[in-house]
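Have a look at protein.cif below; it lists mmCIF, C-alpha atoms.
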```cif
data_run
#
loop_
_atom_site.label_atom_id
_atom_site.label_comp_id
_atom_site.auth_asym_id
_atom_site.auth_seq_id
_atom_site.Cartn_x
_atom_site.Cartn_y
_atom_site.Cartn_z
CA MET A 2 74.23 114.49 120.29
CA ALA A 3 71.47 116.11 118.27
CA ALA A 4 74.00 118.40 116.60
CA PRO A 5 74.79 116.35 113.49
CA VAL A 6 71.12 115.85 112.58
CA ILE A 7 69.28 119.04 113.41
CA SER A 8 70.76 121.70 111.16
CA PRO A 9 72.55 124.53 113.03
CA GLU A 10 69.91 127.00 111.81
CA ILE A 11 67.10 124.99 113.42
CA ASP A 12 69.17 124.24 116.51
CA GLY A 13 69.98 127.93 117.00
CA LEU A 14 66.32 128.84 116.72
CA ILE A 15 65.40 126.19 119.31
CA GLN A 16 68.10 127.43 121.68
CA LEU A 17 66.86 131.02 121.46
CA LEU A 18 63.21 130.04 121.87
CA SER A 19 64.04 127.88 124.91
CA ARG A 20 65.32 131.00 126.70
CA LEU A 21 61.82 132.48 126.73
CA PRO A 22 60.04 132.11 130.07
CA GLY A 23 57.44 129.35 129.88
CA LEU A 24 59.24 127.44 127.13
CA GLY A 25 61.43 124.50 128.15
CA PRO A 26 63.62 122.56 125.72
CA ARG A 27 60.72 120.36 124.63
CA SER A 28 58.20 123.13 124.03
CA ALA A 29 60.90 125.20 122.32
CA ARG A 30 61.36 122.30 119.87
CA ARG A 31 57.60 122.19 119.35
CA ALA A 32 57.42 125.96 118.78
CA ALA A 33 60.34 125.85 116.33
CA LEU A 34 58.78 122.97 114.39
CA HIS A 35 55.47 124.81 114.29
CA LEU A 36 57.21 127.85 112.79
CA LEU A 37 59.25 125.75 110.36
CA LYS A 38 56.18 123.88 109.15
CA LYS A 39 54.26 127.12 108.64
CA GLY A 40 57.25 128.43 106.71
CA PRO A 41 58.36 132.00 105.98
CA SER A 42 54.79 133.31 106.32
CA ALA A 43 54.97 132.60 110.05
CA MET A 44 58.64 133.31 110.67
CA GLU A 45 59.10 136.57 108.77
CA PRO A 46 56.39 138.59 110.58
CA LEU A 47 57.79 137.48 113.95
CA ALA A 48 61.31 138.40 112.85
CA ARG A 49 60.06 141.82 111.71
CA ALA A 50 58.14 142.39 114.95
CA LEU A 51 61.25 141.58 116.98
CA THR A 52 63.49 143.82 114.88
CA GLU A 53 60.99 146.66 115.15
CA ALA A 54 60.55 146.25 118.90
CA ALA A 55 64.31 146.07 119.40
CA ALA A 56 64.76 149.29 117.47
CA ARG A 57 61.85 151.33 118.81
CA ILE A 58 60.80 150.22 122.30
CA ARG A 59 62.62 151.74 125.26
CA PRO A 60 61.85 152.39 128.94
CA CYS A 61 60.17 155.69 129.75
CA SER A 62 62.67 157.86 131.64
CA VAL A 63 59.86 159.16 133.87
CA CYS A 64 57.85 156.11 134.92
CA GLY A 65 59.73 153.09 133.50
CA ASN A 66 56.92 151.97 131.16
CA LEU A 67 57.99 150.39 127.84
CA ASP A 68 56.96 152.47 124.83
CA THR A 69 58.13 153.93 121.55
CA ALA A 70 57.91 157.45 123.02
CA ASP A 71 59.93 158.86 125.92
CA PRO A 72 58.22 160.12 128.06
CA CYS A 73 55.67 157.38 127.35
CA HIS A 74 52.10 157.92 126.17
CA ILE A 75 50.72 157.49 129.68
CA CYS A 76 53.05 160.13 131.19
CA THR A 77 52.18 162.65 128.46
CA ASP A 78 48.44 161.91 128.21
CA PRO A 79 46.67 165.09 129.50
CA ARG A 80 43.47 163.10 130.21
CA ARG A 81 45.21 161.09 132.91
CA ASP A 82 45.08 162.34 136.46
CA PRO A 83 48.53 163.72 137.42
CA ALA A 84 47.56 163.77 141.11
CA THR A 85 47.73 159.97 141.49
CA LEU A 86 50.84 157.82 141.14
CA CYS A 87 50.40 154.05 141.17
CA VAL A 88 53.62 152.23 142.14
CA VAL A 89 54.02 148.78 140.58
CA GLU A 90 56.79 146.20 140.43
CA GLU A 91 56.87 145.50 136.69
CA VAL A 92 55.44 146.61 133.35
CA ALA A 93 53.19 143.52 133.40
CA ASP A 94 51.51 144.95 136.52
CA LEU A 95 50.93 148.25 134.71
CA TRP A 96 49.23 146.31 131.90
CA ALA A 97 47.07 144.51 134.46
CA LEU A 98 46.00 147.79 136.11
CA GLU A 99 45.20 149.26 132.69
CA ARG A 100 42.77 146.37 132.22
CA ALA A 101 41.26 147.47 135.57
CA ALA A 102 40.60 150.95 134.10
CA TYR A 103 42.98 152.92 136.35
CA LYS A 104 43.17 156.52 135.11
CA GLY A 105 46.15 158.02 136.96
CA ARG A 106 49.85 157.68 136.22
CA TYR A 107 52.38 155.01 137.15
CA HIS A 108 55.78 154.46 138.61
CA ILE A 109 57.54 151.20 137.86
CA LEU A 110 60.08 150.06 140.45
CA GLY A 111 61.68 147.38 138.33
CA GLY A 112 61.35 144.73 141.03
CA VAL A 113 61.00 144.46 144.80
CA LEU A 114 63.40 144.52 147.72
CA SER A 115 64.68 141.02 148.38
CA ALA A 116 67.33 140.11 150.90
CA LEU A 117 67.44 136.61 149.41
CA ASP A 118 68.15 137.82 145.87
CA GLY A 119 70.38 140.66 147.10
CA ILE A 120 68.12 143.40 145.76
CA GLY A 121 68.41 146.62 147.77
CA PRO A 122 66.78 150.06 147.44
CA GLU A 123 69.54 151.25 145.09
CA ASP A 124 68.58 148.51 142.58
CA LEU A 125 65.03 149.85 142.28
CA ASP A 126 63.78 153.21 140.99
CA ILE A 127 62.84 154.46 144.48
CA GLY A 128 64.81 157.71 144.21
CA GLY A 129 62.81 158.63 141.13
CA LEU A 130 59.58 157.86 142.98
CA VAL A 131 60.54 160.08 145.93
CA ASP A 132 61.33 162.92 143.50
CA ARG A 133 58.05 162.48 141.64
CA ALA A 134 55.99 162.22 144.86
CA GLY A 135 57.50 165.57 145.93
CA ALA A 136 56.02 167.36 142.89
CA PRO A 137 53.23 169.79 143.86
CA GLU A 138 50.56 168.14 141.61
CA VAL A 139 50.90 164.71 143.26
CA THR A 140 48.49 164.12 146.15
CA GLU A 141 48.27 160.33 146.37
CA VAL A 142 50.67 157.42 145.93
CA ILE A 143 48.99 154.01 145.53
CA LEU A 144 51.28 151.12 146.45
CA ALA A 145 50.27 148.26 144.12
CA MET A 146 53.02 145.77 144.77
CA ASN A 147 52.20 142.06 144.76
CA ALA A 148 50.70 140.74 148.01
CA THR A 149 53.87 138.75 148.70
CA VAL A 150 56.30 139.12 151.59
CA ASP A 151 58.83 140.94 149.39
CA GLY A 152 56.13 143.11 147.86
CA GLN A 153 54.80 144.16 151.26
CA THR A 154 58.31 144.73 152.64
CA THR A 155 58.93 147.06 149.70
CA ALA A 156 55.63 148.84 150.38
CA HIS A 157 56.65 149.45 154.01
CA TYR A 158 60.05 150.72 152.93
CA ILE A 159 58.49 153.14 150.45
CA THR A 160 55.98 154.33 153.05
CA ASP A 161 58.93 155.26 155.31
CA ARG A 162 60.76 157.01 152.49
CA LEU A 163 57.66 159.04 151.57
CA ALA A 164 56.72 159.86 155.20
CA GLU A 165 57.90 163.47 154.95
CA SER A 166 56.54 164.18 151.47
CA GLY A 167 53.03 164.86 152.74
CA VAL A 168 51.25 162.80 150.03
CA ALA A 169 48.51 160.35 150.94
CA ILE A 170 49.80 156.78 150.71
CA THR A 171 47.29 154.02 150.01
CA ARG A 172 47.47 150.36 149.03
CA LEU A 173 45.22 147.99 147.10
CA ALA A 174 42.45 146.37 149.17
CA HIS A 175 43.03 142.76 150.16
CA GLY A 176 40.05 140.43 150.28
CA VAL A 177 38.00 137.77 148.54
CA PRO A 178 38.70 137.80 144.77
CA VAL A 179 35.54 138.66 142.79
CA GLY A 180 34.04 135.33 141.68
CA GLY A 181 36.07 133.48 144.30
CA GLU A 182 34.62 130.78 146.52
CA LEU A 183 35.29 131.05 150.25
CA ASP A 184 35.84 127.32 150.56
CA TYR A 185 38.81 127.45 148.19
CA LEU A 186 40.37 130.58 149.68
CA ASP A 187 43.48 130.53 151.82
CA ASP A 188 42.94 131.37 155.50
CA GLY A 189 45.10 134.51 155.42
CA THR A 190 42.96 136.13 152.72
CA LEU A 191 39.73 135.15 154.45
CA THR A 192 40.94 136.55 157.79
CA THR A 193 41.96 139.81 156.08
CA ALA A 194 38.62 140.04 154.25
CA LEU A 195 36.70 139.47 157.48
CA LYS A 196 38.68 142.11 159.39
CA ALA A 197 38.24 144.60 156.54
CA ARG A 198 34.49 143.97 156.16
CA ARG A 199 32.42 146.84 154.78
CA PRO A 200 28.86 148.00 155.49
CA LEU A 201 26.40 147.12 152.69
CA MET B 16 40.83 147.59 125.64
CA ALA B 17 44.59 147.23 126.06
CA ALA B 18 45.15 148.91 122.67
CA PRO B 19 45.64 152.52 123.77
CA VAL B 20 48.25 151.62 126.39
CA ILE B 21 50.37 148.83 125.02
CA SER B 22 52.12 150.26 121.97
CA PRO B 23 51.20 148.56 118.67
CA GLU B 24 54.77 147.28 118.30
CA ILE B 25 54.56 145.43 121.63
CA ASP B 26 51.00 144.28 120.98
CA GLY B 27 51.95 142.86 117.57
CA LEU B 28 54.86 140.97 119.12
CA ILE B 29 52.55 139.52 121.79
CA GLN B 30 49.98 138.47 119.17
CA LEU B 31 52.61 136.65 117.11
CA LEU B 32 54.15 134.95 120.14
CA SER B 33 50.72 133.80 121.35
CA ARG B 34 50.32 131.81 118.12
CA LEU B 35 53.18 129.52 119.12
CA PRO B 36 52.05 126.18 120.53
CA GLY B 37 52.44 126.13 124.31
CA LEU B 38 52.12 129.91 124.69
CA GLY B 39 48.71 131.31 125.65
CA PRO B 40 47.92 135.04 125.81
CA ARG B 41 49.35 135.36 129.30
CA SER B 42 52.60 133.51 128.69
CA ALA B 43 52.99 135.37 125.37
CA ARG B 44 52.83 138.63 127.34
CA ARG B 45 55.44 137.27 129.75
CA ALA B 46 57.70 136.17 126.90
CA ALA B 47 57.36 139.54 125.14
CA LEU B 48 58.15 141.42 128.36
CA HIS B 49 61.15 139.19 128.96
CA LEU B 50 62.46 140.01 125.48
CA LEU B 51 61.70 143.74 125.85
CA LYS B 52 63.45 143.92 129.20
CA LYS B 53 66.51 142.12 127.83
CA GLY B 54 66.48 144.60 124.94
CA PRO B 55 67.97 144.33 121.45
CA SER B 56 70.61 141.84 122.62
CA ALA B 57 67.82 139.27 123.12
CA MET B 58 65.50 140.27 120.27
CA GLU B 59 67.96 140.72 117.42
CA PRO B 60 69.51 137.22 117.54
CA LEU B 61 66.02 135.68 117.59
CA ALA B 62 64.94 137.89 114.66
CA ARG B 63 68.07 136.84 112.75
CA ALA B 64 67.53 133.14 113.53
CA LEU B 65 63.96 133.37 112.25
CA THR B 66 64.95 135.22 109.08
CA GLU B 67 67.72 132.72 108.41
CA ALA B 68 65.48 129.71 109.04
CA ALA B 69 62.74 131.20 106.85
CA ALA B 70 65.22 131.68 104.03
CA ARG B 71 67.19 128.45 104.25
CA ILE B 72 65.15 125.62 105.82
CA ARG B 73 62.95 123.55 103.52
CA PRO B 74 61.49 120.03 103.53
CA CYS B 75 63.67 117.31 101.99
CA SER B 76 62.01 116.15 98.75
CA VAL B 77 63.03 112.54 99.49
CA CYS B 78 62.14 111.97 103.17
CA GLY B 79 60.36 115.14 104.32
CA ASN B 80 62.98 116.10 106.94
CA LEU B 81 63.57 119.83 107.47
CA ASP B 82 67.07 120.91 106.46
CA THR B 83 69.08 123.49 104.56
CA ALA B 84 70.04 120.89 101.97
CA ASP B 85 67.70 118.99 99.64
CA PRO B 86 68.05 116.01 99.75
CA CYS B 87 68.73 116.41 103.45
CA HIS B 88 71.93 115.46 105.27
CA ILE B 89 70.42 112.19 106.50
CA CYS B 90 69.35 111.08 103.01
CA THR B 91 72.79 111.84 101.56
CA ASP B 92 74.92 110.55 104.48
CA PRO B 93 76.80 107.49 103.12
CA ARG B 94 77.36 106.18 106.67
CA ARG B 95 73.64 105.65 107.19
CA ASP B 96 72.17 102.27 106.32
CA PRO B 97 70.12 102.63 103.10
CA ALA B 98 68.48 99.23 103.69
CA THR B 99 66.27 100.48 106.54
CA LEU B 100 63.50 103.07 106.27
CA CYS B 101 61.90 104.29 109.47
CA VAL B 102 58.43 105.75 108.88
CA VAL B 103 57.43 108.51 111.32
CA GLU B 104 54.55 110.96 111.59
CA GLU B 105 56.44 114.21 112.06
CA VAL B 106 59.92 115.74 112.07
CA ALA B 107 59.76 115.82 115.88
CA ASP B 108 59.59 112.00 115.84
CA LEU B 109 62.67 111.89 113.63
CA TRP B 110 64.49 114.06 116.18
CA ALA B 111 63.36 111.70 118.95
CA LEU B 112 64.64 108.63 117.08
CA GLU B 113 67.95 110.36 116.42
CA ARG B 114 68.32 110.71 120.18
CA ALA B 115 67.74 106.92 120.29
CA ALA B 116 70.76 106.43 117.99
CA TYR B 117 68.90 105.02 114.98
CA LYS B 118 71.31 104.71 112.05
CA GLY B 119 69.06 104.07 109.02
CA ARG B 120 67.04 106.52 106.95
CA TYR B 121 63.62 108.04 107.47
CA HIS B 122 60.34 108.69 105.77
CA ILE B 123 58.10 111.40 107.21
CA LEU B 124 54.39 110.98 106.52
CA GLY B 125 53.38 114.47 107.59
CA GLY B 126 50.62 113.20 109.89
CA VAL B 127 48.40 110.15 110.34
CA LEU B 128 45.16 108.95 108.80
CA SER B 129 42.26 110.40 110.74
CA ALA B 130 38.61 110.02 109.80
CA LEU B 131 37.73 112.60 112.45
CA ASP B 132 40.07 115.26 111.04
CA GLY B 133 39.32 114.26 107.44
CA ILE B 134 42.90 113.19 106.71
CA GLY B 135 43.07 110.47 104.06
CA PRO B 136 45.99 108.65 102.39
CA GLU B 137 46.29 111.35 99.71
CA ASP B 138 47.07 113.93 102.44
CA LEU B 139 50.12 111.97 103.60
CA ASP B 140 53.32 111.09 101.75
CA ILE B 141 52.40 107.42 101.40
CA GLY B 142 52.94 107.31 97.61
CA GLY B 143 56.52 108.43 98.14
CA LEU B 144 57.01 105.74 100.78
CA VAL B 145 55.70 102.98 98.46
CA ASP B 146 58.11 104.18 95.75
CA ARG B 147 61.05 104.27 98.13
CA ALA B 148 60.21 100.86 99.65
CA GLY B 149 60.28 99.42 96.10
CA ALA B 150 63.93 100.43 95.61
CA PRO B 151 66.26 97.40 95.49
CA GLU B 152 68.47 98.52 98.40
CA VAL B 153 65.57 98.73 100.90
CA THR B 154 65.01 95.54 102.87
CA GLU B 155 63.13 96.74 105.97
CA VAL B 156 60.49 99.33 106.72
CA ILE B 157 60.09 100.18 110.44
CA LEU B 158 56.70 101.68 111.25
CA ALA B 159 57.35 104.14 114.09
CA MET B 160 54.00 105.90 114.32
CA ASN B 161 52.68 106.94 117.72
CA ALA B 162 50.97 104.17 119.71
CA THR B 163 47.61 105.92 119.26
CA VAL B 164 44.51 104.63 117.47
CA ASP B 165 45.20 106.87 114.44
CA GLY B 166 48.88 105.95 114.45
CA GLN B 167 48.14 102.24 114.49
CA THR B 168 45.41 102.58 111.84
CA THR B 169 47.98 104.30 109.63
CA ALA B 170 50.47 101.51 110.32
CA HIS B 171 47.93 98.90 109.23
CA TYR B 172 47.09 100.85 106.11
CA ILE B 173 50.79 101.14 105.17
CA THR B 174 51.33 97.43 105.85
CA ASP B 175 48.58 96.69 103.28
CA ARG B 176 50.06 99.10 100.76
CA LEU B 177 53.52 97.56 101.12
CA ALA B 178 52.30 93.94 101.11
CA GLU B 179 53.51 93.28 97.56
CA SER B 180 56.81 95.12 97.83
CA GLY B 181 58.56 92.19 99.51
CA VAL B 182 60.27 94.29 102.19
CA ALA B 183 60.21 93.21 105.82
CA ILE B 184 57.77 95.39 107.81
CA THR B 185 58.42 95.86 111.52
CA ARG B 186 57.07 98.11 114.24
CA LEU B 187 58.49 99.49 117.48
CA ALA B 188 58.10 97.19 120.49
CA HIS B 189 55.34 98.07 122.93
CA GLY B 190 55.92 97.46 126.62
CA VAL B 191 56.91 98.88 129.97
CA PRO B 192 58.83 102.19 129.50
CA VAL B 193 62.40 101.92 130.83
CA GLY B 194 62.33 103.36 134.35
CA GLY B 195 58.54 102.95 134.48
CA GLU B 196 56.71 101.55 137.49
CA LEU B 197 54.15 98.82 136.86
CA ASP B 198 51.76 100.29 139.41
CA TYR B 199 51.46 103.54 137.44
CA LEU B 200 51.18 101.89 134.02
CA ASP B 201 47.89 101.69 132.11
CA ASP B 202 46.41 98.20 131.78
CA GLY B 203 46.72 98.08 127.98
CA THR B 204 50.49 98.59 128.10
CA LEU B 205 50.90 96.04 130.89
CA THR B 206 48.81 93.44 129.02
CA THR B 207 50.88 94.03 125.88
CA ALA B 208 54.15 93.79 127.82
CA LEU B 209 53.04 90.53 129.45
CA LYS B 210 52.00 88.95 126.14
CA ALA B 211 55.26 90.04 124.50
CA ARG B 212 57.45 88.78 127.37
CA ARG B 213 60.99 87.77 126.45
CA PRO B 214 63.30 85.05 127.83
CA LEU B 215 66.07 86.41 130.04
#
```

With the file now loaded, output its structure as C-alpha cells.
Amino acid sequence: MAAPVISPEIDGLIQLLSRLPGLGPRSARRAALHLLKKGPSAMEPLARALTEAAARIRPCSVCGNLDTADPCHICTDPRRDPATLCVVEEVADLWALERAAYKGRYHILGGVLSALDGIGPEDLDIGGLVDRAGAPEVTEVILAMNATVDGQTTAHYITDRLAESGVAITRLAHGVPVGGELDYLDDGTLTTALKARRPL
Amino acid sequence: MAAPVISPEIDGLIQLLSRLPGLGPRSARRAALHLLKKGPSAMEPLARALTEAAARIRPCSVCGNLDTADPCHICTDPRRDPATLCVVEEVADLWALERAAYKGRYHILGGVLSALDGIGPEDLDIGGLVDRAGAPEVTEVILAMNATVDGQTTAHYITDRLAESGVAITRLAHGVPVGGELDYLDDGTLTTALKARRPL
C-alpha cells in the first residue's frame, strides 16, 4: 500500500532498519527519516562503518569474541591472567564484564542450553571450553551465565563436564544489586542474599 | 573505558547507531551485535541501502517530499487531484496520510512555528505554500498539522497568510479516534467530539 509513494530506495532502507532488534516498523521509519533529513553526512559514515565491520570483524577462534584480529586482542594480551577463564553466553556479556574491570580471559558459549528452543550442548562451544580448561595454565573457570533458568542449567551442565579437569569452578555471587532497594527486590534475590550473608 | 576491548570498528558502528532516534547506547550495542553476529550478509545490504539513499534521495523542490525524482512522483502524478493541497509538518505525516488514501497533493512545512525552539515563519516553507495556493488550479488547502499547541498555532498563522488567496481552507476533524474508548479519552478530545457531533 505504501509502495507507490515511498520510493523503493527509502522503503528498502526502512525494511533493513526494522530488522534491527529494538526497532519496530514505526521506529525504523523514524530512524530512516532522521537519516534522510540529515542527508549524506549522516548516511555515508554509517554505510562505511558497516562495510568496514563486515570486512574486518570476525569471531575469535579461541574464545569467540568479535574482533579484527584472530586470536582476539584479549586472548593475545600478555597482561591478562591466563589462569582464569570466564564463561559467558554472548559477546555483550563480555563487554559488560570488561566494564566491571575483569582481568582474566573469556570463553563465549554462543548461547545457553534450552530445551524449549532446541539448543543442545553441540550447538554451543562447550567442547572448546573443555579443551581450554584442560590446559595446564588454567586454574579457575568462572561461570558467568545469566541468572536465568536456562543460564543456570547450562552452568550445571558445564560443571559436570569439567568435573574431571581439576580446575576450580566458581560462579558470580547472587545478591542485592549495588544501589538496589530491598523493598523493590524480588523475593528470590532477597532470600539468596540473606542466605549468602557475609561478616562485616 | 571500553576502548581497549571493543575494537574501534565495532565502537564506531555503535556510536553511529546510537545517534538514531529510538536507539540509546544500550540498544545501539544490541543492534551492532545483532549485525555483527549475522555477519556481512546483514551489514552489506544495509551499507548499500544507505549509500544508495545518500546518493539518490533528495527533497522535492515543489512540495518537500523525499524522493529520487525532483519534482517528486506525487507532484508529477497526473492521477492526483491538483486542486487540493494538504499541508503537513514532516515527511512522516505525508506517509501517514498516504496510508489514509489521500489522493491530492502535499506541501511539507519542515516543522511548526515554535517560540520555545525559536522557529519562525522564515524557517518553514510557508512562502512556497502561499505561492502554490495562489495557482489557479488550487481550490482547497487542508491544514493537517499535529493537534498540538504549536501545530494549531501554525495552522492559524497559515490561515491568516492565505486569507486573501481565495482558496477554501480546511483542517482535519478532531474527535474520538476510531476504535477508541471514551473512558480512556482525554477531556479536551471528548469535549471537541461532543461539540462537533454529527447527525446519523

- Query: Could you write out as number ranges by chain the residues of chain A within 9 Å of chain B, counting only C-alpha atoms?
  - Reply: A: 2-3, 5-8, 10-11, 13-14, 17-18, 21-24, 28-38, 40-60, 67-69, 74-75, 92-93, 96, 99-100

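One distance worth recording is that between CA of Tyr117 in chain B and CA of Thr185 in chain B, which is 14.3 Å.
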
- Identify the residues within 12 Å of coordinate (54.5, 91.6, 106.1) (same frame as the file), considering only C-alpha atoms, and give the answer as a ChimeraX atom specification. /B:154-158,170-186

How would the residues just chosen look if you wrote them out with C-alpha atoms as a compact mmCIF listing (two decimals), keeping the file's coordinate frame?
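Writing the result to selection_2.txt gives the following:
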```txt
# COMPACT_ATOMS: atom_id res chain seq x y z
CA THR B 154 65.01 95.54 102.87
CA GLU B 155 63.13 96.74 105.97
CA VAL B 156 60.49 99.33 106.72
CA ILE B 157 60.09 100.18 110.44
CA LEU B 158 56.70 101.68 111.25
CA ALA B 170 50.47 101.51 110.32
CA HIS B 171 47.93 98.90 109.23
CA TYR B 172 47.09 100.85 106.11
CA ILE B 173 50.79 101.14 105.17
CA THR B 174 51.33 97.43 105.85
CA ASP B 175 48.58 96.69 103.28
CA ARG B 176 50.06 99.10 100.76
CA LEU B 177 53.52 97.56 101.12
CA ALA B 178 52.30 93.94 101.11
CA GLU B 179 53.51 93.28 97.56
CA SER B 180 56.81 95.12 97.83
CA GLY B 181 58.56 92.19 99.51
CA VAL B 182 60.27 94.29 102.19
CA ALA B 183 60.21 93.21 105.82
CA ILE B 184 57.77 95.39 107.81
CA THR B 185 58.42 95.86 111.52
CA ARG B 186 57.07 98.11 114.24
```

- Message: I need every residue sitting at most 10 Å from the point (56.6, 147.1, 149.0) (coordinates as in the file, only C-alpha atoms considered), written as a ChimeraX atom specification.
- Response: /A:88-90,110,112-114,144-160,172

- Item | Gap from CA of Asp71 in chain A to CA of Pro83 in chain A - Å, one decimal |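 About the pair CA of Asp71 in chain A and CA of Pro83 in chain A: they are 16.9 Å apart.
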
- Message: Quick one: residues within 10 Å of Ala197 in chain A, only C-alpha atoms, excluding same-chain residues fewer than 3 positions away - as an MDAnalysis selection string?
- Response: chainID A and resid 174:176 191:194

Could you write out that same residue set with C-alpha atoms as a PDB file, keeping the file's coordinate frame?
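Writing done, so here's result_37.pdb:
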```
ATOM      1  CA  ALA A 174      42.450 146.370 149.170  1.00  0.00           C
ATOM      2  CA  HIS A 175      43.030 142.760 150.160  1.00  0.00           C
ATOM      3  CA  GLY A 176      40.050 140.430 150.280  1.00  0.00           C
ATOM      4  CA  LEU A 191      39.730 135.150 154.450  1.00  0.00           C
ATOM      5  CA  THR A 192      40.940 136.550 157.790  1.00  0.00           C
ATOM      6  CA  THR A 193      41.960 139.810 156.080  1.00  0.00           C
ATOM      7  CA  ALA A 194      38.620 140.040 154.250  1.00  0.00           C
TER       8      ALA A 194
END
```

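Put simply, the PyMOL selection byres ((chain A and resi 130) around 10) on this file hits Val63, Cys64, Leu86, Val88, Tyr107, His108, Ile109, Leu110, Leu125, Asp126, Ile127, Gly128, Gly129, Val131, Asp132, Arg133, Ala134, Gly135, Val142, Ile159, Arg162 and Leu163 of chain A.
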
- Message: If I take CA of Ala136 in chain A and CA of Thr85 in chain A, how far is one from the other in Å, to one decimal?
- Response: 11.2 Å

Final N, CA, C and O atoms of range 199-212 of chain B as an mmCIF file, in the frame of the given file:
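Once written, selection31.cif looks like this:
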```cif
data_model
loop_
_atom_site.group_PDB
_atom_site.id
_atom_site.type_symbol
_atom_site.label_atom_id
_atom_site.label_comp_id
_atom_site.auth_asym_id
_atom_site.auth_seq_id
_atom_site.Cartn_x
_atom_site.Cartn_y
_atom_site.Cartn_z
ATOM 1 N N TYR B 199 51.949 102.297 138.053
ATOM 2 C CA TYR B 199 51.460 103.540 137.440
ATOM 3 C C TYR B 199 51.129 103.363 135.956
ATOM 4 O O TYR B 199 50.732 104.300 135.298
ATOM 5 N N LEU B 200 51.333 102.123 135.447
ATOM 6 C CA LEU B 200 51.180 101.890 134.020
ATOM 7 C C LEU B 200 49.720 101.594 133.695
ATOM 8 O O LEU B 200 49.001 100.975 134.473
ATOM 9 N N ASP B 201 49.262 102.025 132.507
ATOM 10 C CA ASP B 201 47.890 101.690 132.110
ATOM 11 C C ASP B 201 47.803 100.201 131.807
ATOM 12 O O ASP B 201 48.797 99.550 131.478
ATOM 13 N N ASP B 202 46.597 99.652 131.912
ATOM 14 C CA ASP B 202 46.410 98.200 131.780
ATOM 15 C C ASP B 202 46.759 97.702 130.378
ATOM 16 O O ASP B 202 47.285 96.607 130.213
ATOM 17 N N GLY B 203 46.444 98.488 129.365
ATOM 18 C CA GLY B 203 46.720 98.080 127.980
ATOM 19 C C GLY B 203 48.201 97.818 127.767
ATOM 20 O O GLY B 203 48.586 96.786 127.202
ATOM 21 N N THR B 204 49.040 98.737 128.269
ATOM 22 C CA THR B 204 50.490 98.590 128.100
ATOM 23 C C THR B 204 50.977 97.359 128.857
ATOM 24 O O THR B 204 51.781 96.574 128.348
ATOM 25 N N LEU B 205 50.441 97.166 130.066
ATOM 26 C CA LEU B 205 50.900 96.040 130.890
ATOM 27 C C LEU B 205 50.505 94.713 130.239
ATOM 28 O O LEU B 205 51.301 93.765 130.188
ATOM 29 N N THR B 206 49.262 94.642 129.712
ATOM 30 C CA THR B 206 48.810 93.440 129.020
ATOM 31 C C THR B 206 49.710 93.143 127.827
ATOM 32 O O THR B 206 50.162 92.004 127.621
ATOM 33 N N THR B 207 50.013 94.193 127.047
ATOM 34 C CA THR B 207 50.880 94.030 125.880
ATOM 35 C C THR B 207 52.262 93.550 126.290
ATOM 36 O O THR B 207 52.836 92.641 125.674
ATOM 37 N N ALA B 208 52.793 94.151 127.363
ATOM 38 C CA ALA B 208 54.150 93.790 127.820
ATOM 39 C C ALA B 208 54.191 92.358 128.314
ATOM 40 O O ALA B 208 55.180 91.654 128.106
ATOM 41 N N LEU B 209 53.087 91.916 128.940
ATOM 42 C CA LEU B 209 53.040 90.530 129.450
ATOM 43 C C LEU B 209 52.980 89.540 128.301
ATOM 44 O O LEU B 209 53.717 88.550 128.267
ATOM 45 N N LYS B 210 52.135 89.826 127.317
ATOM 46 C CA LYS B 210 52.000 88.950 126.140
ATOM 47 C C LYS B 210 53.313 88.875 125.374
ATOM 48 O O LYS B 210 53.650 87.834 124.829
ATOM 49 N N ALA B 211 54.038 89.986 125.314
ATOM 50 C CA ALA B 211 55.260 90.040 124.500
ATOM 51 C C ALA B 211 56.485 89.770 125.346
ATOM 52 O O ALA B 211 57.579 90.194 125.003
ATOM 53 N N ARG B 212 56.308 89.012 126.472
ATOM 54 C CA ARG B 212 57.450 88.780 127.370
ATOM 55 C C ARG B 212 58.577 88.040 126.663
ATOM 56 O O ARG B 212 58.324 87.267 125.729
#
```
